[in-house]
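Shown next, in structure tokens, is the structure this report addresses.
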Amino acid sequence: MDPLWVTLIKAFVLCLVLLGAFAYMTLIERRILGRMQHRHGPNRTGPFGLLQPIADAIKSVFKEDIIVTNADKVVYVMAPMISIIFALSAFGAIPGGPAGSLFGFNPWVVDLDIGVLYVLAVTSVGVYGIFLGGWASNSKYALLGSLRSSAQIISYELGLGLSVLSVIMIAGTLNLREIVEVGVWTVSPWLWPPLAVAFVAFVISAIAEVNRTPFDLPEAEQEIVAGYLTEYSGIKWALYQMSEYVNMMTAAAFISTLFLGGYRGPYVLERLIPGSSEWPIIWLVLKMAIFMFLFIWLRATLPRFRYDQLMRFGWLYLFEVALAATLLTGAVIAFVL
Amino acid sequence: MYESLLMMFLAAGFIGAAAVVVGALLGPKRAGPDKLAAYESGLPATGTARERFPVHFYLVAMLFILFDVEAAFFFPLAVKFGMAPQFLFAQAIIFVAILAVGYIYVIRKGVLDWK
């Protein structure tokens with residue numbers, strides 16, 4: 001294990017990298033959305049709009065920081081901080097490579113035996129940031145947004161928790177690094193069908209957890225202005241945006257780690273270049289990029305759910321499908337293998 | 001192991017707190033009563049948002065607790081599933097069957113029908 005001060009430095013670096021990635025994800029998202037809608041997207045600030053995120057950051061820091069008169073002031077200020085703290089901390093448990101592969105240090109901040117539970121738990125604490133923010137604003141739109149968001153997140157939490165069980169059954173551990181080392185798809189072809197179902201259910205629940213289209217009801221700007229964000233301005237508003245994107249990245253990394261071999265490289269490449277699947281960070285980032293693109297693509301493609309459809313979909317379909325995948329995995333392990 | 005976790009929260013907490021403080025110090029302060037009123041589509045704000053809201057949200061939260069505890073019970077079973085797969089599978093089936101009764105009751109009762 002690394003000394004504590006190294007861990008602290010790694011934690012800081014991770015936070016800064018995530019925030020930098022957030023800044024450029026906003027640009028990438030706007031550019032891709034622009035392309036998909038036959039327009040340019042931001043391209044005036046620097047080459048390809050590369051300076052746009054910096055301009056946005058400076059602007060949001062120097063904006064007036066409004067605290068609404070009726071607001072519960074302490075909670076109002078705390079809520080965006082809760083959101084960003086838990087969004088950033090959740091990523092710390094995701095392994096970025098084999099032990100000691102990052103210049104002799106471990107490419108993760110913390111290696112937990114309950115990594116899966118930790119990521120699930122900490123990402124869902126993030127809902128407190130959204131809920132408290134909406135409640136403390138003491139504004140009707142904000143309250144509606146935060147209520148919707150809590151109801152949605154707790155509904156999809158079930159699908160998320162249950163669809164991860166197949167992977168845990170096969171790997172027999174909650175440690176994310178060990179799950180990657182087991183390689184759930186390599187155990188037996190009989191397990192592919194339940195794993196595939198669990199994977200799809202997990203991706204859908206993860207998108208709902210991070211409030212992305214088609215599940216972005218908490219912000220639904222055409223219905224409730226901006227939901228929980230309505231009364232926020234300046235840096236506090238930016239903190240909520242940061243946590244949304246950091247949560248997306250955590251979700252993408254979590255999906256990759258559980259279902260797609262996380263930091264391991266493809267087997268074909270390992271044959272050609274021995275040792276290539278031991279390279280740290282790069283494979284995880286590539287896999288995350290695929291999911292980030294998927295999230296953006298979905299935003300350009302799908303319309304938003306209606307609220308009752310959203311709840312029915314979560315409770316009647318996703319929940320049952322995830323449970324069925326779990327039981328099917330159990331049946332295969334018990335009676336076929 | 002858990003000290004590292006503390007380091008992670010320290011770093012994240014520092015960044016969150018620093019952002020809020022910097023934002024509060026650097027921004028202009030030119031607020032008036034209209035600017036600080038709650039936003040209600042441009043009309044003068046009336047009343048507060050401390051209103052009652054539909055009991056449905058409460059029901060969903062209660063259901064979530066029930067079924068999330070179910071999922072939580074599954075985790076230890078899943079981790080040790082390889083030790084006695086057939087026995088544990090039978091147990092899981094019985095567990096799910098009992099919960100399915102409650103699940104069907106809840107759906108028939110119309111808890112998830114939003115009107």
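Every chain in the structure tokens has a letter given in the order shown (A, B, ...), and although residue numbers restart at 1 in each chain, ligands are simply numbered from 1 in the order shown.
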
Write out as a VMD selection string each polymer residue whose atoms come within 7 Å of stretch 38-51 of chain B, counting only C-alpha atoms; drop sequence neighbours fewer than 6 positions from it. chain A and resid 68 138 to 140 143 231

Please check the contacts: residues of chain B at most 7 Å away from chain A, using only C-alpha atoms, listed as a VMD selection string. chain B and resid 1 4 to 5 7 to 9 11 to 13 16 to 17 19 to 20 23 to 24 26 to 29 36 to 39 48 to 50 57 60 to 61 64 68 71 75 78 to 82 85 to 86 89 112 114

So, counting only C-alpha atoms, which residue among A:Trp283, A:Phe254, A:Phe313, A:Phe295 is closest to A:Phe202?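 That would be A:Phe254, the residue with the smallest distance to A:Phe202.
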